[in-house]
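K.L.:
For reference, the file query-v9.cif (mmCIF, C-alpha atoms and all ligand atoms) is included below:
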data_my_file
loop_
_atom_site.label_atom_id
_atom_site.label_comp_id
_atom_site.auth_asym_id
_atom_site.auth_seq_id
_atom_site.Cartn_x
_atom_site.Cartn_y
_atom_site.Cartn_z
CA MET F 244 81.49 130.92 96.95
CA VAL F 245 84.59 133.07 97.48
CA PRO F 246 85.61 134.58 94.09
CA GLY F 247 88.55 132.76 92.55
CA VAL F 248 88.26 129.74 94.83
CA ARG F 249 87.62 126.60 92.87
CA ALA F 250 88.06 123.87 95.45
CA VAL F 251 85.47 122.86 98.04
CA VAL F 252 86.38 120.53 100.89
CA CYS F 253 83.37 118.48 102.04
CA LEU F 254 83.81 117.82 105.76
CA PRO F 255 81.23 115.44 107.26
CA THR F 256 80.84 115.71 111.01
CA TYR F 257 79.12 113.67 113.65
CA ASN F 258 80.11 114.57 117.21
CA GLU F 259 83.35 116.32 116.30
CA ARG F 260 83.03 119.25 118.71
CA GLU F 261 86.67 119.06 119.83
CA ASN F 262 88.06 118.75 116.31
CA LEU F 263 85.97 121.17 114.29
CA GLU F 264 87.53 124.54 115.12
CA PRO F 265 91.15 123.33 114.89
CA MET F 266 90.34 121.64 111.56
CA LEU F 267 88.67 124.72 110.04
CA THR F 268 91.53 126.89 111.25
CA ALA F 269 94.08 124.51 109.75
CA LEU F 270 92.28 124.51 106.38
CA GLY F 271 92.05 128.32 106.26
CA PRO F 272 95.43 129.08 104.66
CA HIS F 273 94.93 126.63 101.78
CA GLY F 274 92.58 128.78 99.69
CA VAL F 275 89.69 126.33 99.77
CA GLU F 276 86.02 126.62 100.63
CA VAL F 277 84.89 124.25 103.37
CA LEU F 278 81.41 122.77 103.50
CA VAL F 279 80.66 121.20 106.88
CA ILE F 280 77.96 118.51 106.58
CA ASP F 281 76.57 117.83 110.03
CA ASP F 282 73.99 115.14 110.71
CA GLY F 283 72.36 116.71 113.78
CA SER F 284 75.29 115.84 116.08
CA PRO F 285 73.98 115.50 119.66
CA ASP F 286 77.16 117.13 120.98
CA GLY F 287 76.33 120.46 119.30
CA THR F 288 78.87 120.29 116.45
CA GLY F 289 76.25 121.75 114.08
CA ASP F 290 75.66 124.86 116.24
CA LEU F 291 79.40 125.32 116.66
CA ALA F 292 79.81 125.07 112.87
CA ASP F 293 77.20 127.83 112.40
CA ARG F 294 79.03 130.10 114.85
CA LEU F 295 82.38 129.46 113.18
CA ALA F 296 80.89 130.07 109.73
CA GLU F 297 79.87 133.57 110.84
CA ARG F 298 83.51 134.32 111.58
CA LEU F 299 85.25 132.37 108.81
CA PRO F 300 84.19 133.52 105.33
CA TYR F 301 85.36 130.32 103.61
CA VAL F 302 83.11 128.09 105.72
CA SER F 303 79.49 127.11 105.10
CA VAL F 304 77.32 124.52 106.78
CA LEU F 305 74.83 121.96 105.55
CA HIS F 306 72.56 120.59 108.26
CA ARG F 307 70.94 117.21 107.84
CA PRO F 308 68.34 116.04 110.34
CA ARG F 309 69.77 112.67 111.31
CA LYS F 310 72.77 110.38 111.07
CA GLU F 311 72.55 108.28 107.91
CA GLY F 312 76.20 107.41 107.39
CA LEU F 313 79.05 108.98 105.48
CA GLY F 314 77.72 108.16 102.02
CA PRO F 315 74.47 110.15 102.11
CA ALA F 316 76.25 113.03 103.89
CA TYR F 317 78.90 113.21 101.16
CA LEU F 318 76.32 112.97 98.38
CA ALA F 319 74.44 115.95 99.83
CA GLY F 320 77.77 117.82 100.07
CA PHE F 321 78.77 116.96 96.48
CA ARG F 322 75.45 118.21 95.15
CA ARG F 323 75.78 121.49 97.03
CA ALA F 324 79.41 121.98 95.94
CA LEU F 325 78.56 121.31 92.28
CA ALA F 326 75.59 123.68 92.43
CA ASP F 327 77.91 126.33 93.90
CA GLY F 328 80.25 125.97 90.92
CA ALA F 329 83.18 124.05 92.44
CA GLU F 330 85.79 122.79 89.96
CA LEU F 331 87.41 120.46 92.49
CA VAL F 332 85.53 118.69 95.28
CA LEU F 333 87.47 117.16 98.15
CA GLU F 334 86.50 114.67 100.84
CA MET F 335 88.23 114.44 104.19
CA ASP F 336 87.55 113.34 107.76
CA CYS F 337 87.25 115.91 110.54
CA ASP F 338 89.28 113.89 113.06
CA PHE F 339 92.84 114.79 111.89
CA SER F 340 93.41 111.28 110.52
CA HIS F 341 93.84 113.19 107.28
CA ASP F 342 96.42 115.96 107.56
CA PRO F 343 95.01 119.29 106.35
CA ALA F 344 98.54 120.19 105.26
CA ASP F 345 98.20 117.50 102.54
CA VAL F 346 95.26 119.29 100.86
CA PRO F 347 97.49 121.33 98.49
CA ARG F 348 99.20 118.10 97.32
CA LEU F 349 95.86 116.55 96.39
CA ILE F 350 94.80 119.70 94.56
CA ALA F 351 98.15 119.93 92.75
CA ALA F 352 97.78 116.34 91.48
CA ALA F 353 94.33 117.18 90.09
CA GLU F 354 95.68 120.34 88.49
CA ARG F 355 98.45 118.26 86.86
CA GLY F 356 95.78 116.18 85.14
CA ALA F 357 94.37 113.48 87.42
CA ASP F 358 90.58 113.24 87.42
CA LEU F 359 90.37 111.65 90.85
CA VAL F 360 93.19 111.91 93.37
CA LEU F 361 93.33 109.48 96.29
CA GLY F 362 95.34 110.12 99.44
CA SER F 363 96.74 106.62 99.75
CA ARG F 364 98.14 104.74 102.73
CA TYR F 365 99.24 101.79 100.66
CA VAL F 366 101.51 103.20 97.99
CA ARG F 367 105.24 103.78 98.47
CA GLY F 368 105.73 106.58 100.98
CA GLY F 369 102.27 106.15 102.49
CA SER F 370 101.66 104.70 105.94
CA VAL F 371 99.29 104.10 108.80
CA GLY F 372 100.42 105.57 112.11
CA ASN F 373 99.25 104.49 115.53
CA TRP F 374 96.71 101.81 114.53
CA GLY F 375 96.46 98.48 116.34
CA VAL F 376 96.93 95.17 114.52
CA GLY F 377 93.16 94.58 114.25
CA ARG F 378 92.45 97.84 112.45
CA ARG F 379 95.43 97.36 110.16
CA ILE F 380 94.20 93.94 109.09
CA VAL F 381 90.62 95.13 108.47
CA SER F 382 91.79 98.14 106.45
CA ARG F 383 94.54 96.50 104.42
CA GLY F 384 92.50 93.31 103.96
CA GLY F 385 89.47 95.31 102.87
CA SER F 386 91.44 97.22 100.26
CA LEU F 387 93.08 94.04 98.92
CA TYR F 388 89.72 92.21 98.82
CA ALA F 389 88.14 95.04 96.84
CA GLN F 390 91.17 95.48 94.58
CA LEU F 391 91.15 91.78 93.71
CA LEU F 392 87.42 91.32 93.17
CA LEU F 393 87.01 94.52 91.22
CA GLN F 394 90.29 94.10 89.33
CA ALA F 395 90.93 97.72 90.14
CA PRO F 396 94.51 98.98 89.86
CA VAL F 397 94.18 100.98 93.07
CA ARG F 398 95.88 100.10 96.34
CA ASP F 399 93.82 102.15 98.80
CA LEU F 400 90.17 101.74 97.88
CA THR F 401 88.68 102.45 101.30
CA GLY F 402 90.40 105.73 102.14
CA GLY F 403 88.34 108.90 102.50
CA PHE F 404 90.85 111.61 101.57
CA LYS F 405 90.04 112.34 97.93
CA CYS F 406 89.86 115.10 95.34
CA TYR F 407 87.40 114.81 92.45
CA ARG F 408 87.38 116.89 89.35
CA ARG F 409 83.84 118.18 88.83
CA ALA F 410 83.46 116.15 85.60
CA VAL F 411 83.83 112.91 87.60
CA LEU F 412 80.96 113.72 89.92
CA GLU F 413 78.86 114.86 86.98
CA ALA F 414 79.51 111.58 85.16
CA ILE F 415 78.81 109.29 88.12
CA ASP F 416 75.11 108.58 88.65
CA LEU F 417 75.02 109.96 92.20
CA ASP F 418 71.38 108.90 92.65
CA ALA F 419 72.43 105.29 92.13
CA VAL F 420 75.10 105.35 94.87
CA ARG F 421 73.56 103.76 97.95
CA SER F 422 76.64 102.80 100.00
CA LYS F 423 76.81 104.30 103.47
CA GLY F 424 80.21 103.49 105.02
CA TYR F 425 83.62 102.43 103.62
CA ALA F 426 81.75 100.91 100.69
CA PHE F 427 80.98 104.47 99.62
CA GLN F 428 84.69 105.10 99.04
CA ILE F 429 85.09 101.86 97.11
CA GLU F 430 81.97 102.50 95.02
CA THR F 431 82.78 106.07 94.02
CA THR F 432 86.34 105.20 92.98
CA TYR F 433 85.17 102.11 91.09
CA ARG F 434 82.50 104.11 89.26
CA ALA F 435 85.13 106.69 88.29
CA LEU F 436 87.40 103.95 86.94
CA ARG F 437 84.54 102.32 85.02
CA ALA F 438 83.71 105.67 83.47
CA GLY F 439 87.28 105.86 82.17
CA PHE F 440 88.63 108.58 84.44
CA ARG F 441 92.29 108.82 85.45
CA VAL F 442 92.73 107.89 89.11
CA GLU F 443 96.03 108.76 90.80
CA GLU F 444 97.19 107.76 94.29
CA ILE F 445 99.50 110.01 96.26
CA PRO F 446 101.07 108.87 99.53
CA ILE F 447 99.68 110.05 102.85
CA THR F 448 100.35 109.19 106.46
CA PHE F 449 97.12 108.32 108.24
CA VAL F 450 97.04 108.79 112.01
CA ASP F 451 94.41 107.64 114.48
CA ARG F 452 92.16 110.29 115.97
CA GLU F 453 93.11 111.78 119.36
CA GLU F 454 89.82 113.55 120.15
CA GLY F 455 86.26 112.23 119.92
CA GLY F 456 85.10 108.71 119.13
CA SER F 457 85.19 106.50 116.04
CA LYS F 458 81.91 105.84 114.17
CA MET F 459 83.27 102.66 112.65
CA SER F 460 80.87 99.72 113.22
CA ASN F 461 80.43 96.08 112.26
CA ALA F 462 77.58 97.12 109.97
CA ILE F 463 80.01 99.28 107.98
CA VAL F 464 82.41 96.35 107.50
CA VAL F 465 79.57 93.95 106.58
CA GLU F 466 78.24 96.42 104.00
CA ALA F 467 81.65 96.64 102.34
CA VAL F 468 81.98 92.84 102.22
CA TRP F 469 78.75 92.26 100.24
CA LYS F 470 78.85 95.51 98.29
CA VAL F 471 82.12 94.67 96.52
CA PRO F 472 80.83 91.54 94.69
CA ALA F 473 77.54 93.36 94.07
CA LEU F 474 79.42 96.17 92.33
CA ARG F 475 81.39 93.68 90.25
CA LEU F 476 78.20 91.90 89.24
CA ALA F 477 76.56 95.19 88.27
CA ALA F 478 79.59 96.01 86.12
CA LEU F 479 79.54 92.57 84.46
CA CYS F 480 75.83 93.00 83.68
CA GLY F 481 76.58 96.34 82.06
CA ARG F 482 74.71 98.28 84.73
CA LEU F 483 77.75 100.25 85.88
N1 LIG C 501 77.65 113.86 108.60
C1 LIG C 501 78.10 112.67 109.01
N2 LIG C 501 79.41 112.53 109.30
C2 LIG C 501 79.84 111.31 109.72
C3 LIG C 501 78.99 110.19 109.84
N3 LIG C 501 79.72 109.14 110.28
C4 LIG C 501 80.98 109.59 110.41
N4 LIG C 501 81.06 110.89 110.08
C5 LIG C 501 82.25 111.76 110.02
O1 LIG C 501 83.09 111.18 109.06
C6 LIG C 501 84.45 111.29 109.41
C7 LIG C 501 85.05 109.88 109.54
O2 LIG C 501 84.42 109.20 110.61
P1 LIG C 501 85.21 108.42 111.76
O3 LIG C 501 84.38 108.28 112.98
O4 LIG C 501 86.54 109.03 111.95
O5 LIG C 501 85.25 107.05 111.12
P2 LIG C 501 86.43 106.37 110.44
O6 LIG C 501 87.46 107.38 110.04
O7 LIG C 501 85.83 105.51 109.40
O8 LIG C 501 86.92 105.47 111.63
P3 LIG C 501 88.15 105.73 112.63
O9 LIG C 501 89.35 105.58 111.81
O10 LIG C 501 87.98 104.68 113.65
O11 LIG C 501 88.03 107.11 113.22
C8 LIG C 501 84.47 112.07 110.69
O12 LIG C 501 84.64 113.43 110.39
C9 LIG C 501 83.08 111.81 111.28
O13 LIG C 501 82.64 112.82 112.14
C10 LIG C 501 77.59 110.38 109.53
O14 LIG C 501 76.78 109.48 109.60
N5 LIG C 501 77.23 111.62 109.11
MG MG C 502 88.42 108.51 111.52
#
Take the structure in the file and write it out as structure tokens.

P.N.:
Amino acid sequence: MVPGVRAVVCLPTYNERENLEPMLTALGPHGVEVLVIDDGSPDGTGDLADRLAERLPYVSVLHRPRKEGLGPAYLAGFRRALADGAELVLEMDCDFSHDPADVPRLIAAAERGADLVLGSRYVRGGSVGNWGVGRRIVSRGGSLYAQLLLQAPVRDLTGGFKCYRRAVLEAIDLDAVRSKGYAFQIETTYRALRAGFRVEEIPITFVDREEGGSKMSNAIVVEAVWKVPALRLAALCGRL
């Protein structure tokens, strides 16, 4: 880890060849380490990441043999970042839906005292850019559904632009987290809330990707639908 750098951005990639170099370049000035977590992308994103890491001292790469979803990729990244001594661990997408220029705002909120900072589309000042009606309904509906069932005072539970204080990831039983898609975002935030950590939402503008393809699938939505009541039940039974 670069001396003095305390924040590691975990950047999962699957077929993000067009986005990777611009994203790493955009993150460079923010004083963070970046850990690319590539699941054997058929388009060669993993090889490109290795080449870029040779040139960019703040970049390292974790290769995983196959695509298993966002959840397992992030868990592998969290473990590596914690082992490397990170104080703050960030999550963000590599498709420019999350603006790299917002990274310092997330870090600043954590440094002001929040344990988990969420880049939120659904608080005042936040928004969703060029999404169609269908995607808006799925996303907003999903967050409301989870918020209601889990009684969680958080407006954007499915977003993936987050900054964890190391203590949060140490307190969460990472081995017990099995969610793969959006449910992973809901589950990690819910576990942080249950453990008594301070969660703060800061507004972000989310824009749809311009390069590459979405990995969103029906299976990801279905998982989130059943996982939410399952999490609530686990909490009621004292298992969470
Ligand atoms: N390592 C890894 N990365 C993944 C996997 N699935 C998605 N990603 C990455 O996770 C980030 C978010 O994925 P997207 O395809 O943008 O999915 P999304 O943001 O949920 O959906 P869209 O808004 O439609 O783009 C991107 O950087 C993807 O490359 C996976 O199984 N493994
Ligand atoms: Mg995306």

K.L.:
Of the residues F:Ala296, F:Leu267, F:Leu313, F:Leu291, which is the one nearest to ligand MG 502 (chain C), using all atoms listed in the file?

P.N.:
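Closest residue, counting all atoms listed in the file: F:Leu313.
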
K.L.:
Of the candidates F:Ala326, F:Leu318, F:Leu359, F:Leu263, which one gets nearest to Ala292 of chain F if we count only C-alpha atoms?

P.N.:
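Result for the nearest residue to Ala292 of chain F: F:Leu263.
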
K.L.:
For ligand LIG 501 (chain C), return the neighbouring residues as a PyMOL selection string (distance at most 6 Å; only C-alpha atoms and all ligand atoms).

P.N.:
chain F and resi 255-259+280-282+310-313+316+336-338+452+457-459

K.L.:
Write out as JSON, numbers by chain the residues lying within 10 Å of Tyr388 of chain F, counting only C-alpha atoms and excluding same-chain residues fewer than 3 positions away.

P.N.:
{"F": [382, 383, 384, 385, 391, 392, 393, 394, 400, 467, 468, 471, 472]}

K.L.:
With all atoms listed in the file as the basis for distance, which of F:His306, F:His341, F:Arg355, F:Arg323 is at the shortest distance from ligand MG 502 (chain C)?

P.N.:
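Of all the options, F:His341 lies closest to ligand MG 502 (chain C).
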
K.L.:
Between atom CA of Asn262 of chain F and atom CA of Glu454 of chain F, measure the distance and give it in Å to one decimal.

P.N.:
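Separating atom CA of Asn262 of chain F from atom CA of Glu454 of chain F is a distance of 6.7 Å.
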
K.L.:
Between F:Phe427, F:Glu334, F:Ile445, F:Glu466, which residue has the minimum interatomic distance to Ala351 of chain F, considering all atoms listed in the file?

P.N.:
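Of F:Phe427, F:Glu334, F:Ile445, F:Glu466, the one nearest Ala351 of chain F, counting all atoms listed in the file, is F:Ile445.
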
K.L.:
What does the structure give for the distance between atom CA of Glu413 of chain F and atom CA of Thr401 of chain F, in Å to one decimal?

P.N.:
21.3 Å

K.L.:
Which of these residues is nearest to Arg409 of chain F, using only C-alpha atoms: F:Arg322, F:Arg348, F:Arg482, F:Arg378?

P.N.:
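Checking each candidate against Arg409 of chain F, we get F:Arg322 as the closest.
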
K.L.:
Using only C-alpha atoms, pick whichever of F:Glu297, F:Asp327, F:Asp342, F:Glu444 has the shortest atom-to-atom distance to Gly368 of chain F.

P.N.:
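Looking only at the distances to Gly368 of chain F, the closest residue turns out to be F:Glu444.
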
K.L.:
Skipping near chain neighbours, those fewer than 6 positions away, what residues fall within 10 Å of Ala329 of chain F using all atoms listed in the file, listed as a PyMOL selection string?

P.N.:
chain F and resi 244+248-252+276+321+323+408-409

K.L.:
Considering all atoms listed in the file, return as an MDAnalysis selection string whatever protein or nucleic-acid residues lie within 9 Å of Gly314 of chain F, sequence-local ones (same chain, fewer than 3 positions apart) excluded.

P.N.:
chainID F and resid 311 317:319 420:428

K.L.:
Near Ala357 of chain F, counting only C-alpha atoms, which residues have an atom at most 10 Å away, once you skip same-chain residues fewer than 6 positions from it, shown as a list in words?

P.N.:
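Surrounding residues, per the criterion: Leu349, Ile350, Ala351, Cys406, Tyr407, Arg408, Phe440, Arg441, Val442, Glu443 and Glu444 of chain F.
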
K.L.:
Atom CA of Val376 of chain F and atom CA of Phe449 of chain F are how many Å apart?

P.N.:
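Calculated distance between atom CA of Val376 of chain F and atom CA of Phe449 of chain F is 14.6 Å.
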